[in-house]
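Novice: So that we are looking at the same thing, I have put the structure below in structure tokens.
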Amino acid sequence: MTRQPAATPPQDPRVNPAGVFGMSLFLVSLAVLFTASLVSYFVIRFRAEQWPPPGMPGLPFGLWWSTLIILISSVTIQLGLWSAKKDMQAAMKAFLSMTLLLGIAFLFNQWANWSDLLKIEIPPTVNLYAFTFYTLTGLHAAHVIGGLILLSVVCYKAFKGNYGSQYHPGITYSAMYWHFLDVVWVVLFVSLKFSF
Amino acid sequence: MAAVLVRTEHITPTQTIMGADAYNKMFTLHGAMMVFLFIIPGIPAALGNFVLPLMVGAKDVAFPRLNLTSWYLWIIGAVFAVASLLVGGFDTGWTFYTPYSTTTPFKGVIPIATGAFILGFSSIFTGLNFIVTIHKLRAPGMGWFQMPLFLWALYATAIIQILATPVLGITLLLLIVERALGVGIFDPALGGDPILFQHFFWFYSHPAVYIMIVPAMGVISELISVFSRKHIFSYRFIAYSSIAIAVFGFLVWGHHMFTSGQSSLMNMIFSALTFSVAIPSAIKAFNWVATMYKGCISLKTPMLYALSFLFLFAIGGLTGLFLGSLTTNVHLHDTYFVVAHFHYVMFGGTVIAFLGGLHYWWPKMTGKMYSDRQGQIACFLIFIGFNLTFFTQFIMGTHGMPRRYFKYSEQFTTLHVLSTVGTYVLLVGFLLVAYYLIDSLVRGPKAPSNPWGGASLEWQTTSPPPVENFSQPPIVGDPYDYGDLVYDPEIRGYRKLIKTGAA
């Protein structure tokens, strides 16, 4: 804190030097939120005699697609961040827009998964198997929606030409958040899919 | 106010001024409002946000806009809490235990739970801001162990805020969903578990007790040292004990559930862990007393509050050990003994420390001095009123008076009346505080930069501080070294001793 190592390149004064640290703490806090919800899921799941309960189908196959989409989107946002660092404006814009589209595709696919269940008349109120599935995926989807709002703002700023190699805090933070959502999804997916 | 009404109701053993439903709503309202809207944010958000940037020698917290967001969230949360009254109130107690909270006919449960959920985010953002500010914005030359102990306390508190509050968030969310849909994981009919709610709730709400008390301890560490004109005794132990309390605080939630049917092994583990929290708390208390030993104590209003804190917190903390022991807990569980215990900690601890801190930093915040004489009288009234209100409840609790009951048996009448009289004395004390503080804003004399002779950085700037907090960079030194501060009657405050060649 008191002295700067000589090797660090000069920082853009508009960048809050504490930003990355603050964002990390926020993600730690969110991680606790998701951990607690998973704990509640496992308590309910391992208390049940049969899981899924008799007469209930397995989870929709579409969850695999969601997993694939969100994994790719994590790659694209990272490429967007690297492009920003190298000041490659066109690539940065392209990768950010791709991430945004993949995020929207993820949500659509999650909605399709929900409707698969709703079609065969399994609403969240039918039993705790359905209830935990809807609440956990819904909780994650709510955070994806938040991420998409953040990404839209960042995209808008990128297209306005606000970001460069020295100044791109929005991309840094949204990439951190997006990777976090990716990891949460994978953990959630594995927990839901493979706890039978 | 709700508390005054609750106590007034108890002047007679049966109905006095309100019906049973109104009484249930009233004590619930008092609990929920006080916990979520006042005691949790009180010291960190109200005092901390002002003092923390000054103490680290910074212009502001690390993320001022996030801080403003946190404030707006608090307002929105408060609006939801008030809205819950408009739709019929709620009578679940502040703990919202299932299955009662999911089935009670009163419609205020969803709004108040939403409000508490939003307040949780307010709390997380404040904690986040404090941690980052302490890490990144300390003035040049201020290492971790040159920080005032109040900052250590706020740091420990912020860790709890960030790690525990999300659990409350998800719990309340699940409660809201369960109440709205009629289905949920706390419903035993479906294979759910109402006790799971209690685990989740206390996993937040017990650490939340330390969100309330640790910053209070931080305030006391400042007051005791400044008003004893003596260096704080064993700085590092006090600093580490704040962190230790924060860590232990996460491991003791089960002591709220000794009678919930959890296994006796679990009960024993939680009981043992509960006792371990007493160690860092006692370390602090001993160090405060050792700081005063052979000090030059001046009984200004803030110091009177600090001494009240020592006395009341000692009672509050030690009665916690009775409740943490399994055998006595079964007898005392859900009696007035518990009510008295946590009021000694939350009121005798947190509120008293809040008042002490408020009186200590008031001149810095407003630039005006209040009447010290009136301050002392009010502190005396509050101390007497508080003890009258709650010590009587210890006695009633040991005799078996259950908490939250609308009616009670005749034998408790005298003690209940005394307790209620105590509440009125408290009320007078509070009104007096409000009167002279407001009066000081209008007619109070101008405050000097350093009225008490504090050595931490906030006393180096003017009262009130300029927009950028410091017009010239503060000089970092030992925050508890009062050696070179002398009282100057001309400015009615302390100033640095100017070292001449001869000295």
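Residues in the structure tokens are numbered from 1 in each chain, the chains being A, B, ... in the order shown, and ligands are numbered from 1 in the order shown.
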Hey, which bits of segment 94-193 of chain A sit within 9 Å of segment 82-85 of chain A, and for each residue what's the closest pair of atoms and how far apart in Å (one decimal), counting only C-alpha atoms, rows by chain and increasing number, as a tab-separated table?

Specialist:
```
residue	atom	partner	partner_atom	distance
A:Phe95	CA	A:Ser83	CA	8.5
A:Tyr163	CA	A:Ala84	CA	7.1
A:Gly164	CA	A:Ala84	CA	5.9
A:Ser165	CA	A:Lys85	CA	4.2
A:Gln166	CA	A:Lys85	CA	7.1
A:Tyr167	CA	A:Lys85	CA	8.4
A:His168	CA	A:Ala84	CA	6.9
A:Ile171	CA	A:Ala84	CA	8.1
```

Novice: Could you list, with a cut-off of 12 Å and counting only C-alpha atoms, the residues of segment 379-498 of chain B near segment 27-43 of chain B, each shown with its nearest atom pair and the distance in Å rounded to one decimal, rows sorted by chain and ascending number, as a tab-separated table?

Specialist:
```
residue	atom	partner	partner_atom	distance
B:Arg403	CA	B:Phe27	CA	10.3
B:Arg404	CA	B:Phe27	CA	7.5
B:Tyr405	CA	B:Phe27	CA	10.1
B:Phe406	CA	B:Phe27	CA	10.1
```

Novice: Would you save the residues of that selection, restricted to C-alpha atoms, as a PDB file, in the first residue's frame?

Specialist:
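See selection-v4.pdb below for the written result:
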```
ATOM      1  CA  ARG B 403     -41.558 -14.671  27.247  1.00  0.00           C
ATOM      2  CA  ARG B 404     -44.093 -13.356  24.726  1.00  0.00           C
ATOM      3  CA  TYR B 405     -47.093 -14.129  26.970  1.00  0.00           C
ATOM      4  CA  PHE B 406     -50.007 -11.751  26.926  1.00  0.00           C
TER       5      PHE B 406
END
```

Novice: What residues in chain A have any atom no more than 8 Å from chain B when counting only C-alpha atoms, and can you write them as a ChimeraX atom specification?

Specialist: /A:1-2,18,21-22,25-26,28-30,32-33,36-37,40,44,47-48,125,127-128,131-132

Novice: Those selected residues, please, written with C-alpha atoms and delivered as a CSV table (one decimal), in the first residue's frame.

Specialist:
```
chain,number,residue,atom,x,y,z
A,1,MET,CA,0.0,0.0,0.0
A,2,THR,CA,2.6,2.5,1.0
A,18,ALA,CA,-9.9,-1.3,-5.1
A,21,PHE,CA,-11.0,-6.6,-4.6
A,22,GLY,CA,-14.5,-5.3,-3.9
A,25,LEU,CA,-15.8,-9.9,-1.9
A,26,PHE,CA,-19.2,-9.5,-3.5
A,28,VAL,CA,-17.7,-14.5,-2.0
A,29,SER,CA,-20.9,-13.2,-0.5
A,30,LEU,CA,-22.9,-14.6,-3.4
A,32,VAL,CA,-22.3,-18.2,0.4
A,33,LEU,CA,-25.9,-17.6,-0.9
A,36,ALA,CA,-26.6,-22.3,1.5
A,37,SER,CA,-29.3,-23.0,-1.1
A,40,SER,CA,-30.9,-26.9,1.8
A,44,ILE,CA,-34.2,-32.3,1.6
A,47,ARG,CA,-34.1,-37.1,3.7
A,48,ALA,CA,-36.3,-38.3,0.9
A,125,THR,CA,-46.0,-26.9,-6.3
A,127,ASN,CA,-43.6,-31.8,-4.6
A,128,LEU,CA,-40.2,-30.9,-3.2
A,131,PHE,CA,-39.8,-27.3,-6.0
A,132,THR,CA,-36.1,-27.5,-5.4
```

Novice: What gap, in Å, lies between atom CA of Ala83 of chain B and atom CA of Val6 of chain B?

Specialist: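 Separation between atom CA of Ala83 of chain B and atom CA of Val6 of chain B: 20.9 Å.
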
Novice: Can you list, as a PyMOL selection string, every protein, DNA or RNA residue that comes within 6 Å of segment 97-107 of chain B when you count only C-alpha atoms, leaving out same-chain residues fewer than 3 positions away?

Specialist: chain B and resi 87-88+90+92+179+194

Novice: Residues of the last selection are to be written out with C-alpha atoms, as an mmCIF file, in the first residue's frame.

Specialist:
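Writing the result to again-v4.cif gives the following:
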```cif
data_model
loop_
_atom_site.group_PDB
_atom_site.id
_atom_site.type_symbol
_atom_site.label_atom_id
_atom_site.label_comp_id
_atom_site.auth_asym_id
_atom_site.auth_seq_id
_atom_site.Cartn_x
_atom_site.Cartn_y
_atom_site.Cartn_z
ATOM 1 C CA VAL B 87 -51.531 -4.929 5.175
ATOM 2 C CA GLY B 88 -52.383 -6.274 8.617
ATOM 3 C CA PHE B 90 -47.435 -9.830 11.568
ATOM 4 C CA THR B 92 -44.497 -14.313 14.259
ATOM 5 C CA ARG B 179 -45.806 -18.597 1.917
ATOM 6 C CA PRO B 194 -39.230 -26.752 9.815
#
```

Novice: Might you pull out every residue within 6 Å of segment 298-301 of chain B, with only C-alpha atoms counted and same-chain residues fewer than 6 positions away left off, and present them as a list of chain:residue names?

Specialist: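 That gives B:Phe227, B:Gly375, B:Gln376.
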
Novice: How about saving the chosen residues, N, CA and C atoms kept, as a PDB file, in the first residue's frame?

Specialist:
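Saved the output as selection11.pdb:
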```pdb
ATOM      1  N   PHE B 227     -10.589   8.650  27.603  1.00  0.00           N
ATOM      2  CA  PHE B 227     -11.021   9.306  28.834  1.00  0.00           C
ATOM      3  C   PHE B 227     -10.260   8.821  30.065  1.00  0.00           C
ATOM      4  N   GLY B 375     -26.050  15.708  29.601  1.00  0.00           N
ATOM      5  CA  GLY B 375     -25.651  14.395  29.104  1.00  0.00           C
ATOM      6  C   GLY B 375     -25.455  13.415  30.246  1.00  0.00           C
ATOM      7  N   GLN B 376     -24.807  13.891  31.311  1.00  0.00           N
ATOM      8  CA  GLN B 376     -24.564  13.003  32.452  1.00  0.00           C
ATOM      9  C   GLN B 376     -25.876  12.600  33.113  1.00  0.00           C
TER      10      GLN B 376
END
```

Novice: Assign secondary structure with DSSP using the backbone only, and return the residues of chain A in alpha helix (DSSP H) as a ChimeraX atom specification.

Specialist: /A:19-47,62-85,89-119,128-159,169-193

Novice: Gly261 of chain B: which residues within 12 Å, counting only C-alpha atoms, same-chain residues fewer than 5 positions away excluded, as a list in words?

Specialist: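 With the cut-off at 12 Å, the set is Pro194, Ile195, Leu196, Gln198, Gly254, His255, His256, Met266, Asn267 and Val330 of chain B.
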
Novice: Please report the interatomic distance between atom CA of Ala116 of chain B and atom CA of Ser70 of chain B in Å with one decimal.

Specialist: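 It comes out at 13.3 Å.
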
Novice: Assign secondary structure with DSSP using the backbone only, and return the residues of segment 268-493 of chain B in strand (DSSP E) as a JSON list (two decimals) with C-alpha atoms, in the first residue's frame.

Specialist:
```
[["chain", "number", "residue", "atom", "x", "y", "z"],
["B", 485, "LEU", "CA", -1.66, 16.47, 23.59],
["B", 486, "VAL", "CA", -2.34, 19.31, 26.03],
["B", 487, "TYR", "CA", -5.56, 21.04, 27.02],
["B", 488, "ASP", "CA", -5.75, 24.61, 25.87],
["B", 493, "GLY", "CA", -9.94, 21.68, 23.42]]
```
